[in-house]
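**Student:** Quick one: the structure is below, questions incoming.
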Amino acid sequence: MKVNVLRRMTPEQEPYWESFLYDGSEDNTVAGLLDYINYNDDILNDKGEKTTRISWECSCIQGICGACAMIVNDVPALACEAFLKDIQGEEISLRPLSKFPVIRDLVVDRSGIYDSLRHNNVCIETYKPPSDGDHEQDYASAKCLKCGLCIECCPKYTDGRTFYGAPFANDCYLVASRNQEKSHEILEIYQEHFKDSCAFDLACMRICPMGIKITACMKKLNSLK
Ligand code: SF4
Ligand code: SF4
Ligand code: FES
């Protein structure tokens, strides 16, 4: 299998494609494939030339840290959950997420997701569980990995300066439901940075690896008014 990787060594460098040959198992995932290519002391591209290891991020290899999010054959996915046997064709292309600054190869800087929460004070502060709390929805929302896959396919998210996307709405719900004294403040922020601009096409919900239902978050936030 030919593996095409969109590479760059520094954030300033123009990206370029480099290809590799993979002759390992089809039962592997994209994460396993990257480990396989990076394993030897000498890393060779498909022309037999020496090259550098492919940079990518991972931590858990079981779909729970979100670090390995990238674009696999034009589809945003977690590399550790993308199985080669499910990928059509003889070639595979790997690109970094496009909505975040690239650090190197497939590694991007997703700190903007946390910055949007920090700058808007979307944090619980004092935990006050509601007597009629929806713990099922709380639990579902708390599973957000901040992986950025939803942001990648969001038609409204551009530079992350005004519209913050699904992870932001998700955390707005979590904070508002756990600290009612803050709910009015949170609802205003949610309206400004999410609700007023969201296209409600639900691309984020379809791609989310944790199955988070943004519609449920929106419904809950609207009911807190
Ligand atoms: S909502 Fe889903 S896709 Fe978006 S960051 Fe959280 S876990 Fe990832
Ligand atoms: S519903 Fe559409 S516009 Fe709104 S956050 Fe999700 S992907 Fe973005
Ligand atoms: S390495 Fe943690 S989700 Fe893939």
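Residues in the structure tokens are numbered from 1 in each chain, the chains being A, B, ... in the order shown, and ligands are numbered from 1 in the order shown.
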If DSSP is run on the backbone, what residues of region 13-145 of chain A are strand (DSSP E or B)? A reply as a PyMOL selection string would be ideal.

**Tutor:** chain A and resi 16-21+29+43-44+50-51+69-72+75-78+83+91-95+102-104+107-108

**Student:** Find the spatial neighbours of region 163-175 of chain A, counting only C-alpha atoms, within a cut-off of 6 Å - ignore same-chain residues fewer than 2 positions away - and output them as a list in words.

**Tutor:** Ile124, Tyr157, Gly160, Ser177, Arg178, Asn179, His193, Phe194, Cys217 and Leu221 of chain A

**Student:** Set the cut-off to 6 Å, count only C-alpha atoms and all ligand atoms, and list whatever residues fall near ligand 3 as a PyMOL selection string.

**Tutor:** chain A and resi 58-68+78-80

**Student:** May I have the residues from that selection written out with C-alpha atoms, as a short mmCIF file (atom, residue, chain, number, x, y, z; two decimals), in the first residue's frame?

**Tutor:**
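The file below, again_35.cif, is the result:
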data_model
loop_
_atom_site.label_atom_id
_atom_site.label_comp_id
_atom_site.auth_asym_id
_atom_site.auth_seq_id
_atom_site.Cartn_x
_atom_site.Cartn_y
_atom_site.Cartn_z
CA CYS A 58 -0.81 9.87 20.15
CA SER A 59 -1.18 8.86 23.74
CA CYS A 60 -3.79 6.18 24.36
CA ILE A 61 -4.08 4.20 21.06
CA GLN A 62 -7.60 3.34 22.10
CA GLY A 63 -9.75 6.30 21.08
CA ILE A 64 -9.84 8.13 24.39
CA CYS A 65 -7.25 10.93 24.24
CA GLY A 66 -8.12 12.51 20.86
CA ALA A 67 -4.46 13.33 20.12
CA CYS A 68 -4.24 11.32 16.88
CA LEU A 78 -8.82 9.27 14.85
CA ALA A 79 -5.79 7.42 13.45
CA CYS A 80 -6.01 4.74 16.15
#

**Student:** Please produce, as a tab-separated table, a per-residue contact table for chain A versus ligand 1 (criterion: any atom at most 6 Å away, only C-alpha atoms and all ligand atoms considered), showing the nearest atom pair and its distance in Å to one decimal, sorted by chain then residue number.

**Tutor:**
residue	atom	partner	partner_atom_place_in_ligand_line	distance
A:Cys144	CA	ligand 1	6 (Fe)	3.7
A:Leu145	CA	ligand 1	7 (S)	4.2
A:Lys146	CA	ligand 1	5 (S)	3.6
A:Cys147	CA	ligand 1	8 (Fe)	4.1
A:Gly148	CA	ligand 1	5 (S)	4.4
A:Leu149	CA	ligand 1	3 (S)	4.5
A:Cys150	CA	ligand 1	3 (S)	4.1
A:Ala166	CA	ligand 1	1 (S)	5.5
A:Pro167	CA	ligand 1	1 (S)	4.8
A:Cys208	CA	ligand 1	3 (S)	3.7
A:Pro209	CA	ligand 1	2 (Fe)	5.7
A:Met210	CA	ligand 1	7 (S)	5.3
A:Ile212	CA	ligand 1	2 (Fe)	5.8

**Student:** Generate a file of the selected residues that holds N, CA and C atoms, formatted as an mmCIF file, in the first residue's frame.

**Tutor:**
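Result saved to out26.cif:
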data_model
loop_
_atom_site.group_PDB
_atom_site.id
_atom_site.type_symbol
_atom_site.label_atom_id
_atom_site.label_comp_id
_atom_site.auth_asym_id
_atom_site.auth_seq_id
_atom_site.Cartn_x
_atom_site.Cartn_y
_atom_site.Cartn_z
ATOM 1 N N CYS A 144 -16.147 14.579 25.950
ATOM 2 C CA CYS A 144 -15.503 15.295 24.831
ATOM 3 C C CYS A 144 -13.984 15.230 24.946
ATOM 4 N N LEU A 145 -13.331 14.817 23.859
ATOM 5 C CA LEU A 145 -11.874 14.648 23.830
ATOM 6 C C LEU A 145 -11.140 15.924 23.443
ATOM 7 N N LYS A 146 -11.890 16.942 22.997
ATOM 8 C CA LYS A 146 -11.265 18.154 22.419
ATOM 9 C C LYS A 146 -10.338 17.753 21.262
ATOM 10 N N CYS A 147 -10.775 16.742 20.509
ATOM 11 C CA CYS A 147 -9.943 16.229 19.408
ATOM 12 C C CYS A 147 -9.975 17.144 18.193
ATOM 13 N N GLY A 148 -11.060 17.902 18.034
ATOM 14 C CA GLY A 148 -11.148 18.839 16.914
ATOM 15 C C GLY A 148 -11.718 18.262 15.631
ATOM 16 N N LEU A 149 -12.133 16.990 15.635
ATOM 17 C CA LEU A 149 -12.707 16.420 14.401
ATOM 18 C C LEU A 149 -13.965 17.177 13.990
ATOM 19 N N CYS A 150 -14.772 17.551 14.988
ATOM 20 C CA CYS A 150 -16.012 18.280 14.683
ATOM 21 C C CYS A 150 -15.711 19.651 14.097
ATOM 22 N N ALA A 166 -18.452 23.082 18.298
ATOM 23 C CA ALA A 166 -19.181 22.147 19.165
ATOM 24 C C ALA A 166 -18.534 21.916 20.542
ATOM 25 N N PRO A 167 -17.197 21.802 20.651
ATOM 26 C CA PRO A 167 -16.635 21.573 21.989
ATOM 27 C C PRO A 167 -16.966 22.710 22.961
ATOM 28 N N CYS A 208 -18.426 12.937 15.385
ATOM 29 C CA CYS A 208 -17.883 12.844 16.756
ATOM 30 C C CYS A 208 -17.593 11.384 17.156
ATOM 31 N N PRO A 209 -16.344 11.061 17.497
ATOM 32 C CA PRO A 209 -16.015 9.673 17.866
ATOM 33 C C PRO A 209 -16.612 9.249 19.196
ATOM 34 N N MET A 210 -17.036 10.213 20.011
ATOM 35 C CA MET A 210 -17.631 9.873 21.299
ATOM 36 C C MET A 210 -19.156 9.874 21.244
ATOM 37 N N ILE A 212 -21.188 12.304 20.890
ATOM 38 C CA ILE A 212 -21.822 13.402 21.646
ATOM 39 C C ILE A 212 -22.900 14.054 20.783
#

**Student:** Name the residues of region 24-217 of chain A that fall into helix (DSSP H, G or I) according to DSSP on the backbone, using the chain letters and numbers of this document, as a PDB file with C-alpha atoms, in the first residue's frame.

**Tutor:**
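Here's the written file part11.pdb:
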ATOM      1  CA  VAL A  30      -3.515   4.146  10.588  1.00  0.00           C
ATOM      2  CA  ALA A  31      -1.783   4.637  13.964  1.00  0.00           C
ATOM      3  CA  GLY A  32      -0.208   1.181  13.619  1.00  0.00           C
ATOM      4  CA  LEU A  33       0.819   1.982  10.043  1.00  0.00           C
ATOM      5  CA  LEU A  34       2.591   5.176  11.163  1.00  0.00           C
ATOM      6  CA  ASP A  35       4.396   3.274  13.914  1.00  0.00           C
ATOM      7  CA  TYR A  36       5.407   0.641  11.347  1.00  0.00           C
ATOM      8  CA  ILE A  37       6.875   3.240   8.960  1.00  0.00           C
ATOM      9  CA  ASN A  38       8.625   5.070  11.813  1.00  0.00           C
ATOM     10  CA  ALA A  79      -5.793   7.415  13.453  1.00  0.00           C
ATOM     11  CA  CYS A  80      -6.006   4.744  16.147  1.00  0.00           C
ATOM     12  CA  GLU A  81      -9.611   3.954  15.203  1.00  0.00           C
ATOM     13  CA  LEU A  84      -6.833  -0.101   6.964  1.00  0.00           C
ATOM     14  CA  LYS A  85      -9.224  -2.852   5.919  1.00  0.00           C
ATOM     15  CA  ASP A  86     -12.055  -0.278   5.941  1.00  0.00           C
ATOM     16  CA  SER A 111      -4.784  24.983  22.141  1.00  0.00           C
ATOM     17  CA  GLY A 112      -7.331  27.383  20.599  1.00  0.00           C
ATOM     18  CA  ILE A 113     -10.105  25.056  21.825  1.00  0.00           C
ATOM     19  CA  TYR A 114      -8.968  25.552  25.416  1.00  0.00           C
ATOM     20  CA  ASP A 115      -8.210  29.251  24.896  1.00  0.00           C
ATOM     21  CA  SER A 116     -11.821  29.903  23.867  1.00  0.00           C
ATOM     22  CA  LEU A 117     -13.014  28.301  27.113  1.00  0.00           C
ATOM     23  CA  ARG A 118     -10.405  30.004  29.303  1.00  0.00           C
ATOM     24  CA  HIS A 119     -10.862  33.470  27.818  1.00  0.00           C
ATOM     25  CA  HIS A 135     -26.635  12.887  34.739  1.00  0.00           C
ATOM     26  CA  GLU A 136     -26.855  10.872  31.545  1.00  0.00           C
ATOM     27  CA  GLN A 137     -26.419  13.998  29.415  1.00  0.00           C
ATOM     28  CA  ASP A 138     -23.740  15.334  31.796  1.00  0.00           C
ATOM     29  CA  TYR A 139     -21.800  12.103  31.389  1.00  0.00           C
ATOM     30  CA  ALA A 140     -22.190  12.145  27.602  1.00  0.00           C
ATOM     31  CA  SER A 141     -20.916  15.725  27.355  1.00  0.00           C
ATOM     32  CA  ALA A 142     -18.029  15.105  29.746  1.00  0.00           C
ATOM     33  CA  LEU A 149     -12.707  16.420  14.401  1.00  0.00           C
ATOM     34  CA  CYS A 150     -16.012  18.280  14.683  1.00  0.00           C
ATOM     35  CA  ILE A 151     -14.268  21.598  14.080  1.00  0.00           C
ATOM     36  CA  GLU A 152     -12.587  20.200  10.969  1.00  0.00           C
ATOM     37  CA  ALA A 166     -19.181  22.147  19.165  1.00  0.00           C
ATOM     38  CA  PRO A 167     -16.635  21.573  21.989  1.00  0.00           C
ATOM     39  CA  PHE A 168     -17.387  25.090  23.239  1.00  0.00           C
ATOM     40  CA  ALA A 169     -21.164  24.564  23.223  1.00  0.00           C
ATOM     41  CA  ASN A 170     -20.652  21.223  24.896  1.00  0.00           C
ATOM     42  CA  ASP A 171     -18.651  22.733  27.764  1.00  0.00           C
ATOM     43  CA  CYS A 172     -21.076  25.656  28.063  1.00  0.00           C
ATOM     44  CA  TYR A 173     -23.773  23.103  28.780  1.00  0.00           C
ATOM     45  CA  LEU A 174     -21.587  21.244  31.288  1.00  0.00           C
ATOM     46  CA  VAL A 175     -20.737  24.403  33.231  1.00  0.00           C
ATOM     47  CA  ALA A 176     -24.263  25.813  33.154  1.00  0.00           C
ATOM     48  CA  SER A 177     -25.741  22.549  34.391  1.00  0.00           C
ATOM     49  CA  ARG A 178     -23.225  22.223  37.236  1.00  0.00           C
ATOM     50  CA  GLN A 180     -26.684  27.383  38.060  1.00  0.00           C
ATOM     51  CA  GLU A 181     -25.492  30.700  39.471  1.00  0.00           C
ATOM     52  CA  LYS A 182     -23.327  31.005  36.394  1.00  0.00           C
ATOM     53  CA  SER A 183     -25.904  29.830  33.891  1.00  0.00           C
ATOM     54  CA  HIS A 184     -27.077  33.314  32.822  1.00  0.00           C
ATOM     55  CA  GLU A 185     -23.504  34.428  32.085  1.00  0.00           C
ATOM     56  CA  ILE A 186     -22.811  31.179  30.216  1.00  0.00           C
ATOM     57  CA  LEU A 187     -25.976  31.452  28.132  1.00  0.00           C
ATOM     58  CA  GLU A 188     -24.929  34.904  26.910  1.00  0.00           C
ATOM     59  CA  ILE A 189     -21.486  33.647  25.919  1.00  0.00           C
ATOM     60  CA  TYR A 190     -23.010  30.581  24.256  1.00  0.00           C
ATOM     61  CA  GLN A 191     -25.361  32.781  22.259  1.00  0.00           C
ATOM     62  CA  GLU A 192     -22.579  35.101  21.101  1.00  0.00           C
ATOM     63  CA  HIS A 193     -19.981  32.481  20.226  1.00  0.00           C
ATOM     64  CA  PHE A 194     -22.139  29.574  19.099  1.00  0.00           C
ATOM     65  CA  LYS A 195     -25.891  29.860  18.804  1.00  0.00           C
ATOM     66  CA  ALA A 203     -21.857  17.657  10.675  1.00  0.00           C
ATOM     67  CA  CYS A 204     -20.153  17.824  14.093  1.00  0.00           C
ATOM     68  CA  MET A 205     -22.538  15.269  15.548  1.00  0.00           C
ATOM     69  CA  ARG A 206     -22.063  12.828  12.689  1.00  0.00           C
ATOM     70  CA  ILE A 207     -18.246  12.831  12.947  1.00  0.00           C
ATOM     71  CA  ILE A 214     -24.759  18.487  20.215  1.00  0.00           C
ATOM     72  CA  THR A 215     -28.511  18.761  19.667  1.00  0.00           C
ATOM     73  CA  ALA A 216     -29.029  17.512  23.225  1.00  0.00           C
ATOM     74  CA  CYS A 217     -26.604  20.147  24.562  1.00  0.00           C
TER      75      CYS A 217
END

**Student:** Please indicate the distance in Å from CA of Leu97 (chain A) to atom 4 (Fe, counted along the ligand's line) of ligand 2, rounded to one decimal place.

**Tutor:**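 Between these atoms lies a distance of 17.9 Å.
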
**Student:** Closest to ligand 2 among A:Met218, A:Met70, A:Met1, A:Ala199, using only C-alpha atoms and all ligand atoms?

**Tutor:** A:Ala199

**Student:** My list of candidates is A:Pro96, A:Lys50, A:Lys156, A:Val3. Which is closest to Leu202 (chain A) when distances are computed with only C-alpha atoms?

**Tutor:** A:Lys156

**Student:** Could you tell me which of A:Asp134, A:Leu224, A:Pro155, A:Lys128 comes closest to ligand 2 if we count only C-alpha atoms and all ligand atoms?

**Tutor:** A:Pro155

**Student:** So the first atom is CA of Phe83 (chain A) and the second is CA of Thr52 (chain A); what is the distance between them in Å, to one decimal place?

**Tutor:**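 Result for CA of Phe83 (chain A) versus CA of Thr52 (chain A): 24.4 Å, one decimal.
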
**Student:** Taking only C-alpha atoms and all ligand atoms into account, which of A:Val107, A:Ile92, A:Leu44, A:Cys154 comes nearest ligand 2?

**Tutor:** A:Cys154

**Student:** Of the candidates A:Asn28, A:Gln13, A:Glu57, A:Tyr22, which one gets nearest to Ile43 (chain A) if we count only C-alpha atoms?

**Tutor:**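 That would be A:Tyr22, the residue with the smallest distance to Ile43 (chain A).
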